[in-house]
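**Q** If you scroll down you'll find the structure; I have some questions about it.
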Number of protein chains: 2
Amino acid sequence: MALTVVGSIAFDSVRTPFGERERMLGGSAVHFALAASFFTEVRVVGPVGDDFGGEELGVLEGHGVITDDIERIAGGKTFFWQGHYEYDMNVAHTEDTQLNVFADFDPKLSEASRQAQMLFLGNIQPELQRRVRAGCREAELAALDSMNLWIETERDSLAAAISEVDCVLLNDAEIRELTGQPNLARAARALCEMGPRVVVAKRGEYGAALFSGDEFFAIPGYLLEDVRDPTGAGDSFAGGFLGYLDNRRAAGESVLNHAVLRQAMAYGSVLASFNVEDFGTERVRSLSRDQIDERLRDFRRITHFEAEPVTS
Amino acid sequence: MALTVVGSIAFDSVRTPFGERERMLGGSAVHFALAASFFTEVRVVGPVGDDFGGEELGVLEGHGVITDDIERIAGGKTFFWQGHYEYDMNVAHTEDTQLNVFADFDPKLSEASRQAQMLFLGNIQPELQRRVRAGCREAELAALDSMNLWIETERDSLAAAISEVDCVLLNDAEIRELTGQPNLARAARALCEMGPRVVVAKRGEYGAALFSGDEFFAIPGYLLEDVRDPTGAGDSFAGGFLGYLDNRRAAGESVLNHAVLRQAMAYGSVLASFNVEDFGTERVRSLSRDQIDERLRDFRRITHFEAEPVTS
């Protein structure tokens, strides 16, 4: 089993009401890969500069992530993002973005990465997503993330990219903006009509919803007393979601089995919940699969109700 | 079994992107009573003016709601609210509020209303809530709702009222404002420390969360393609929640049985979901218990996942 992710590899400087960190390891591909690594073999495709060292590679490789396709650009600097969050952690305030090597990113996939049965196109330029997608012919399920920037500036390319994947994961506000539909259920249906068989609406602390054909699934957020840094939560969600799906695919399940998709939504939520408990990758990198499964069981317990009258 | 509700009885003029209505029957006690009427006997306490006629009474009585304690103030006019919603239906924009007979509301409960085993104190002045609470000695469970106005202008009275009830239902933003805690889980815990054994955080379209001792439960909103008017959704939630609890209490259940509380949360969500499908009370007044139970089963289906691996 193997899952290839293409996306940003970054250094993030983040300040929240609960502290701050300088130049932490981050980026969509990193958060995704660490979350997915608990379930399957992950290959990361993305560019870094000379400032990306053995320590950063070691975090990924320590989780079994295959880093052969991390491209080091001689003389370049790694993508850098700086921002802060107020108490409302659903909104990130960007202070500085330096694309650096990411500005001219031209994804080069090894034969092994192209052979992956699952593909995640992190939030990069839609035309790059399309090129990668076209090169990965073996993918049983290809998924993409995007953002408001591409909705507003490269709408046609994004629509084409969406039509070429099986699954789209976006924030609910992005789905509304993309489709012009203020109602999420209608917006998700309109997005499905653009091509993908599965649409996942990420709703921040409020959880997520899944739309697939006539099927629908909603899950609340796993409520935490301590949220220290939400950066990367959406990518950790995607990593848990697709990582678990690839794990079950390798065990012979259909990736469109709705009961499996629901579990994948729960695993995605669990990984996102761990992600936000500490800065950057700090919490996820110290996780174990047992801790993940324990939280999944707890999550089921706190969201479960019976439809028939219960008695004590 | 009997459930007494004290609150506003109103005429609402509402405009949303999907239409508008003039002087519809509304108010917290009305929305609550209609929702609860599917599960138990409800007595409404509240004032109306000469403009409140037999047609309005008939809506309540047609659902078996006991209206003996609806006080008609001779020469007075019924509470009137006018407002509109944009596409973001989580925010109501008030255009006009005329308290009318509600300005001097002095709740007078008949002996039968005072004997109720369950009590809901709708969003009225906290000192009035306290007086009603003190007069209802038989209540096994007393619950209250409130609003930002009372948090900001009558904080001490509200804190006293909260300390005297078993259950508080508030919007999550109100719980955060009341406790000064930006984190909902911590805010709910701080609210529990003020006295109530059960705290319900209403989260609009995103669902609701319940906190009781060490127990916690979260439920997403029932996703709808058509939301026409969210007015009264919170009171319909409370009515479904407490109505179902009273039904189970009458069947011999503890109202603090957590499995029953979870079901009550689901019923509350279902009643709120019907409420918003049409203007005012239009949808709820045409509902049947069978339709409610059907949606409850559907709701369970679309929120259910297994913690152990599933196979097809």
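Letters A, B, ... go to the chains of the structure tokens in the order shown; residues in each chain start at 1; ligands are counted from 1 in the same order.
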Starting from chain B, keep only residues with some atom at most 8 Å from an atom of chain A, counting only C-alpha atoms, and report them as a VMD selection string.
**A** chain B and resid 87 to 88 182 to 186 206 to 207 216 to 221 223 to 226 253 257 259 to 260 262 to 263 266 296 to 297 300 302 to 307 309 to 312
**Q** Leaving out Trp81 of chain B and any residue of its chain fewer than 2 positions from it, which residues lie within 12 Å of it when counting only C-alpha atoms, given as a PDB file with C-alpha atoms, in the first residue's frame?
**A**
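In the end it all went to around29.pdb:
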ATOM      1  CA  SER B   8     -42.594  35.161  25.573  1.00  0.00           C
ATOM      2  CA  ILE B   9     -45.623  34.841  23.360  1.00  0.00           C
ATOM      3  CA  ALA B  10     -45.127  37.029  20.348  1.00  0.00           C
ATOM      4  CA  PHE B  11     -45.966  38.162  16.883  1.00  0.00           C
ATOM      5  CA  ASP B  12     -42.906  38.021  14.614  1.00  0.00           C
ATOM      6  CA  SER B  13     -42.389  39.725  11.270  1.00  0.00           C
ATOM      7  CA  VAL B  14     -39.508  38.032   9.529  1.00  0.00           C
ATOM      8  CA  ARG B  15     -37.700  38.426   6.231  1.00  0.00           C
ATOM      9  CA  ARG B  21     -44.104  36.914   6.765  1.00  0.00           C
ATOM     10  CA  GLU B  22     -46.002  39.517   8.767  1.00  0.00           C
ATOM     11  CA  ARG B  23     -47.069  39.003  12.389  1.00  0.00           C
ATOM     12  CA  MET B  24     -46.640  35.261  12.623  1.00  0.00           C
ATOM     13  CA  LEU B  25     -47.318  33.481  15.888  1.00  0.00           C
ATOM     14  CA  GLY B  26     -43.972  33.210  17.699  1.00  0.00           C
ATOM     15  CA  GLY B  27     -42.117  33.728  20.956  1.00  0.00           C
ATOM     16  CA  SER B  28     -39.948  31.443  23.059  1.00  0.00           C
ATOM     17  CA  THR B  78     -48.777  41.372  22.347  1.00  0.00           C
ATOM     18  CA  PHE B  79     -44.962  41.403  22.244  1.00  0.00           C
ATOM     19  CA  GLY B  83     -36.098  41.213  11.970  1.00  0.00           C
ATOM     20  CA  HIS B  84     -34.345  39.717   9.006  1.00  0.00           C
ATOM     21  CA  ALA B  92     -30.578  37.630  13.318  1.00  0.00           C
ATOM     22  CA  HIS B  93     -30.761  41.336  12.505  1.00  0.00           C
ATOM     23  CA  THR B  94     -33.391  43.009  14.694  1.00  0.00           C
ATOM     24  CA  GLU B  95     -35.329  45.872  13.093  1.00  0.00           C
ATOM     25  CA  ASP B  96     -37.952  46.482  15.761  1.00  0.00           C
ATOM     26  CA  THR B  97     -38.810  45.197  19.223  1.00  0.00           C
ATOM     27  CA  GLN B  98     -42.022  46.265  20.969  1.00  0.00           C
ATOM     28  CA  LEU B  99     -42.201  44.692  24.415  1.00  0.00           C
ATOM     29  CA  ASN B 100     -45.819  45.833  24.936  1.00  0.00           C
ATOM     30  CA  PHE B 102     -44.169  41.806  28.070  1.00  0.00           C
ATOM     31  CA  THR B 231     -36.405  32.041  14.224  1.00  0.00           C
ATOM     32  CA  GLY B 232     -37.288  29.875  17.209  1.00  0.00           C
ATOM     33  CA  GLY B 280     -42.439  30.636  12.190  1.00  0.00           C
TER      34      GLY B 280
END
**Q** Select, from B:Tyr244, B:Phe32, B:Phe80, B:Phe39, the residue with the minimum atom-to-atom distance to Leu121 of chain B, counting only C-alpha atoms.
**A** B:Phe32
**Q** Residues within 7 Å of Asn171 of chain A, please, as a count of residues only. Count only C-alpha atoms; anything in the same chain fewer than 4 positions from it doesn't count.
**A** 4
**Q** Quick one: everything within 7 Å of Cys136 of chain B, counting only C-alpha atoms, minus sequence neighbours fewer than 4 positions away in the same chain. Send it as a PyMOL selection string.
**A** chain B and resi 114-115+132
**Q** Go ahead and write the residues just picked, C-alpha atoms, as a compact mmCIF listing (two decimals), in the first residue's frame.
**A**
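New file result_23.txt:
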# COMPACT_ATOMS: atom_id res chain seq x y z
CA ARG B 114 -46.69 25.11 39.85
CA GLN B 115 -47.04 21.35 40.33
CA VAL B 132 -41.03 31.36 39.01
**Q** In segment 176-271 of chain A, what's alpha helix (DSSP H) per DSSP? Answer as a CSV table (one decimal) with N, CA, C and O atoms, in the first residue's frame?
**A**
chain,number,residue,atom,x,y,z
A,176,ARG,N,-18.9,26.9,-0.3
A,176,ARG,CA,-19.9,27.8,-0.6
A,176,ARG,C,-19.4,28.9,-1.6
A,176,ARG,O,-20.2,29.2,-2.5
A,177,GLU,N,-18.2,29.3,-1.4
A,177,GLU,CA,-17.7,30.4,-2.3
A,177,GLU,C,-17.5,29.8,-3.7
A,177,GLU,O,-17.9,30.4,-4.7
A,178,LEU,N,-17.0,28.6,-3.8
A,178,LEU,CA,-16.7,28.0,-5.1
A,178,LEU,C,-18.0,27.8,-5.9
A,178,LEU,O,-18.0,28.0,-7.1
A,179,THR,N,-19.1,27.4,-5.2
A,179,THR,CA,-20.3,27.0,-5.9
A,179,THR,C,-21.3,28.2,-6.0
A,179,THR,O,-22.3,28.1,-6.7
A,184,LEU,N,-24.9,24.7,2.6
A,184,LEU,CA,-23.8,23.7,2.5
A,184,LEU,C,-24.2,22.5,1.8
A,184,LEU,O,-23.5,21.9,0.9
A,185,ALA,N,-25.4,22.0,2.1
A,185,ALA,CA,-25.9,20.7,1.4
A,185,ALA,C,-26.0,20.9,-0.1
A,185,ALA,O,-25.6,20.1,-0.9
A,186,ARG,N,-26.6,22.0,-0.5
A,186,ARG,CA,-26.7,22.3,-1.9
A,186,ARG,C,-25.4,22.6,-2.5
A,186,ARG,O,-25.1,22.2,-3.7
A,187,ALA,N,-24.5,23.3,-1.8
A,187,ALA,CA,-23.2,23.6,-2.3
A,187,ALA,C,-22.4,22.3,-2.5
A,187,ALA,O,-21.7,22.1,-3.6
A,188,ALA,N,-22.5,21.4,-1.6
A,188,ALA,CA,-21.7,20.1,-1.7
A,188,ALA,C,-22.3,19.3,-2.9
A,188,ALA,O,-21.5,18.7,-3.7
A,189,ARG,N,-23.6,19.4,-3.1
A,189,ARG,CA,-24.2,18.6,-4.2
A,189,ARG,C,-23.7,19.3,-5.6
A,189,ARG,O,-23.3,18.5,-6.5
A,190,ALA,N,-23.6,20.6,-5.6
A,190,ALA,CA,-23.1,21.3,-6.8
A,190,ALA,C,-21.7,20.9,-7.1
A,190,ALA,O,-21.3,20.7,-8.2
A,191,LEU,N,-20.9,20.8,-6.0
A,191,LEU,CA,-19.5,20.4,-6.1
A,191,LEU,C,-19.4,18.9,-6.7
A,191,LEU,O,-18.5,18.7,-7.5
A,192,CYS,N,-20.2,18.1,-6.2
A,192,CYS,CA,-20.2,16.7,-6.7
A,192,CYS,C,-20.5,16.7,-8.2
A,192,CYS,O,-20.0,15.8,-8.9
A,233,ALA,N,-4.4,21.7,11.0
A,233,ALA,CA,-5.5,20.8,11.4
A,233,ALA,C,-6.1,20.2,10.1
A,233,ALA,O,-6.4,19.0,10.1
A,234,GLY,N,-6.4,21.0,9.1
A,234,GLY,CA,-7.1,20.5,7.9
A,234,GLY,C,-6.3,19.5,7.2
A,234,GLY,O,-6.8,18.5,6.7
A,235,ASP,N,-4.9,19.6,7.1
A,235,ASP,CA,-4.1,18.7,6.5
A,235,ASP,C,-3.9,17.4,7.3
A,235,ASP,O,-3.8,16.3,6.8
A,236,SER,N,-3.9,17.6,8.7
A,236,SER,CA,-3.9,16.4,9.5
A,236,SER,C,-5.2,15.6,9.4
A,236,SER,O,-5.2,14.3,9.3
A,237,PHE,N,-6.3,16.3,9.2
A,237,PHE,CA,-7.6,15.6,8.9
A,237,PHE,C,-7.5,14.8,7.7
A,237,PHE,O,-7.8,13.6,7.6
A,238,ALA,N,-7.0,15.5,6.6
A,238,ALA,CA,-6.9,14.8,5.3
A,238,ALA,C,-6.0,13.6,5.4
A,238,ALA,O,-6.2,12.5,4.8
A,239,GLY,N,-4.9,13.7,6.2
A,239,GLY,CA,-3.9,12.6,6.3
A,239,GLY,C,-4.6,11.5,7.0
A,239,GLY,O,-4.4,10.3,6.6
A,240,GLY,N,-5.3,11.7,8.1
A,240,GLY,CA,-6.0,10.6,8.8
A,240,GLY,C,-7.0,10.0,8.0
A,240,GLY,O,-7.2,8.8,7.9
A,241,PHE,N,-7.8,10.8,7.2
A,241,PHE,CA,-8.9,10.3,6.4
A,241,PHE,C,-8.3,9.5,5.3
A,241,PHE,O,-8.7,8.3,5.1
A,242,LEU,N,-7.4,10.0,4.5
A,242,LEU,CA,-6.9,9.2,3.3
A,242,LEU,C,-6.0,8.1,3.8
A,242,LEU,O,-5.9,7.0,3.1
A,243,GLY,N,-5.2,8.3,4.8
A,243,GLY,CA,-4.3,7.3,5.3
A,243,GLY,C,-5.1,6.0,5.7
A,243,GLY,O,-4.8,4.9,5.4
A,244,TYR,N,-6.2,6.3,6.5
A,244,TYR,CA,-7.0,5.2,6.9
A,244,TYR,C,-7.7,4.5,5.7
A,244,TYR,O,-7.7,3.3,5.6
A,245,LEU,N,-8.2,5.3,4.8
A,245,LEU,CA,-8.8,4.7,3.6
A,245,LEU,C,-7.8,3.8,2.8
A,245,LEU,O,-8.1,2.7,2.3
A,246,ASP,N,-6.5,4.3,2.7
A,246,ASP,CA,-5.6,3.5,2.0
A,246,ASP,C,-5.3,2.2,2.8
A,246,ASP,O,-5.1,1.1,2.1
A,247,ASN,N,-5.2,2.3,4.1
A,247,ASN,CA,-5.0,1.1,4.9
A,247,ASN,C,-6.1,0.0,4.6
A,247,ASN,O,-5.9,-1.2,4.5
A,248,ARG,N,-7.4,0.5,4.6
A,248,ARG,CA,-8.5,-0.4,4.4
A,248,ARG,C,-8.5,-0.9,2.9
A,248,ARG,O,-8.9,-2.0,2.6
A,249,ARG,N,-8.1,0.0,2.0
A,249,ARG,CA,-8.0,-0.4,0.6
A,249,ARG,C,-7.1,-1.6,0.4
A,249,ARG,O,-7.3,-2.6,-0.2
A,250,ALA,N,-5.9,-1.4,1.1
A,250,ALA,CA,-4.9,-2.5,1.1
A,250,ALA,C,-5.4,-3.8,1.7
A,250,ALA,O,-4.9,-4.9,1.3
A,258,HIS,N,-19.3,3.0,2.3
A,258,HIS,CA,-19.7,4.2,3.1
A,258,HIS,C,-19.3,4.0,4.5
A,258,HIS,O,-19.0,5.0,5.2
A,259,ALA,N,-19.4,2.8,5.0
A,259,ALA,CA,-19.1,2.6,6.5
A,259,ALA,C,-17.6,2.8,6.7
A,259,ALA,O,-17.2,3.3,7.8
A,260,VAL,N,-16.8,2.5,5.7
A,260,VAL,CA,-15.3,2.8,5.8
A,260,VAL,C,-15.1,4.3,5.7
A,260,VAL,O,-14.3,4.8,6.4
A,261,LEU,N,-15.8,4.9,4.8
A,261,LEU,CA,-15.6,6.4,4.7
A,261,LEU,C,-16.0,7.1,6.0
A,261,LEU,O,-15.3,8.1,6.4
A,262,ARG,N,-17.0,6.6,6.7
A,262,ARG,CA,-17.4,7.2,7.9
A,262,ARG,C,-16.3,7.1,9.0
A,262,ARG,O,-16.0,8.0,9.7
A,263,GLN,N,-15.7,5.9,9.0
A,263,GLN,CA,-14.6,5.7,10.0
A,263,GLN,C,-13.4,6.6,9.6
A,263,GLN,O,-12.7,7.1,10.5
A,264,ALA,N,-13.2,6.7,8.3
A,264,ALA,CA,-12.1,7.5,7.9
A,264,ALA,C,-12.3,9.0,8.3
A,264,ALA,O,-11.4,9.7,8.7
A,265,MET,N,-13.6,9.4,8.2
A,265,MET,CA,-13.9,10.8,8.7
A,265,MET,C,-13.6,10.9,10.2
A,265,MET,O,-13.1,11.9,10.7
A,266,ALA,N,-13.9,9.8,11.0
A,266,ALA,CA,-13.6,9.9,12.4
A,266,ALA,C,-12.1,9.9,12.7
A,266,ALA,O,-11.6,10.6,13.5
A,267,TYR,N,-11.4,9.1,11.9
A,267,TYR,CA,-9.9,9.1,12.1
A,267,TYR,C,-9.3,10.4,11.7
A,267,TYR,O,-8.4,11.0,12.3
A,268,GLY,N,-9.9,11.0,10.6
A,268,GLY,CA,-9.4,12.4,10.2
A,268,GLY,C,-9.6,13.4,11.4
A,268,GLY,O,-8.7,14.2,11.7
A,269,SER,N,-10.8,13.3,12.0
A,269,SER,CA,-11.1,14.2,13.1
A,269,SER,C,-10.2,14.0,14.3
A,269,SER,O,-9.8,14.9,14.9
A,270,VAL,N,-9.9,12.7,14.5
A,270,VAL,CA,-9.0,12.4,15.7
A,270,VAL,C,-7.6,13.0,15.4
A,270,VAL,O,-7.0,13.6,16.3
A,271,LEU,N,-7.1,12.8,14.2
A,271,LEU,CA,-5.8,13.3,13.9
A,271,LEU,C,-5.7,14.8,14.0
A,271,LEU,O,-4.8,15.4,14.5
**Q** For Pro230 of chain A, which residue out of A:Ala103, A:Leu141, A:Ala35, A:Val276 is the nearest one, using only C-alpha atoms?
**A**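 Using only C-alpha atoms, the shortest distance to Pro230 of chain A belongs to A:Val276.
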**Q** Can you list, as a PyMOL selection string, all residues belonging to segment 23-192 of chain B that DSSP tags as strand (DSSP E or B)?
**A** chain B and resi 23-26+42-48+66+70-72+79-85+92-98+118-121+141-144+167-171
**Q** Using only C-alpha atoms, which residues sit within 10 Å of Arg155 of chain B once same-chain residues fewer than 6 positions away are excluded, as a PDB file with N, CA and C atoms, in the first residue's frame?
**A**
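The new file around37.pdb reads:
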ATOM      1  N   PRO B 126     -33.884  37.679  34.461  1.00  0.00           N
ATOM      2  CA  PRO B 126     -33.461  36.655  35.427  1.00  0.00           C
ATOM      3  C   PRO B 126     -34.227  36.693  36.751  1.00  0.00           C
ATOM      4  N   ASN B 148     -27.552  37.409  25.666  1.00  0.00           N
ATOM      5  CA  ASN B 148     -26.447  38.335  25.935  1.00  0.00           C
ATOM      6  C   ASN B 148     -26.905  39.582  26.686  1.00  0.00           C
ATOM      7  N   LEU B 149     -28.135  40.068  26.426  1.00  0.00           N
ATOM      8  CA  LEU B 149     -28.627  41.257  27.133  1.00  0.00           C
ATOM      9  C   LEU B 149     -28.543  41.083  28.647  1.00  0.00           C
ATOM     10  N   ALA B 161     -29.923  33.021  39.237  1.00  0.00           N
ATOM     11  CA  ALA B 161     -30.913  32.167  38.573  1.00  0.00           C
ATOM     12  C   ALA B 161     -30.277  30.856  38.124  1.00  0.00           C
ATOM     13  N   LEU B 178     -20.446  34.606  29.124  1.00  0.00           N
ATOM     14  CA  LEU B 178     -20.828  34.552  30.539  1.00  0.00           C
ATOM     15  C   LEU B 178     -19.649  34.167  31.425  1.00  0.00           C
TER      16      LEU B 178
END
**Q** Between B:Val198, B:Val284, B:Cys167, B:Leu57, which residue has the minimum interatomic distance to Ala139 of chain B, considering only C-alpha atoms?
**A**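 Result for the nearest residue to Ala139 of chain B: B:Cys167.
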**Q** With only C-alpha atoms as the basis for distance, which of B:Gln82, B:Asn90, B:Ser146, B:Thr153 is at the shortest distance from Glu20 of chain B?
**A**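 Ranking B:Gln82, B:Asn90, B:Ser146, B:Thr153 by distance to Glu20 of chain B, first place goes to B:Gln82.
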**Q** Applying 7 Å and only C-alpha atoms, which residues near Asn123 of chain B remain after dropping the ones on its own chain fewer than 6 positions away? List them as a list in words.
**A**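 Within the cut-off, the hits are Gly7, Asp145, Ser146 and Met147 of chain B.
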**Q** Suppose we keep all heavy atoms; can you now write the selection as a short mmCIF file (atom, residue, chain, number, x, y, z; two decimals), in the first residue's frame?
**A**
data_model
loop_
_atom_site.label_atom_id
_atom_site.label_comp_id
_atom_site.auth_asym_id
_atom_site.auth_seq_id
_atom_site.Cartn_x
_atom_site.Cartn_y
_atom_site.Cartn_z
N GLY B 7 -42.41 32.09 29.32
CA GLY B 7 -41.59 32.84 28.35
C GLY B 7 -42.45 33.75 27.52
O GLY B 7 -43.61 34.04 27.85
N ASP B 145 -33.06 29.28 29.80
CA ASP B 145 -32.36 29.88 28.67
C ASP B 145 -32.14 31.35 29.04
O ASP B 145 -32.79 31.87 29.94
CB ASP B 145 -33.24 29.76 27.42
CG ASP B 145 -32.55 30.23 26.15
OD1 ASP B 145 -31.33 30.41 26.16
OD2 ASP B 145 -33.26 30.42 25.13
N SER B 146 -31.21 32.00 28.37
CA SER B 146 -31.02 33.42 28.61
C SER B 146 -30.43 34.06 27.36
O SER B 146 -30.49 33.46 26.28
CB SER B 146 -30.13 33.66 29.83
OG SER B 146 -30.15 35.02 30.20
N MET B 147 -29.88 35.24 27.46
CA MET B 147 -29.34 35.90 26.27
C MET B 147 -28.26 36.91 26.67
O MET B 147 -28.11 37.24 27.85
CB MET B 147 -30.45 36.60 25.50
CG MET B 147 -31.00 37.83 26.19
SD MET B 147 -32.49 38.51 25.41
CE MET B 147 -31.82 39.11 23.86
#
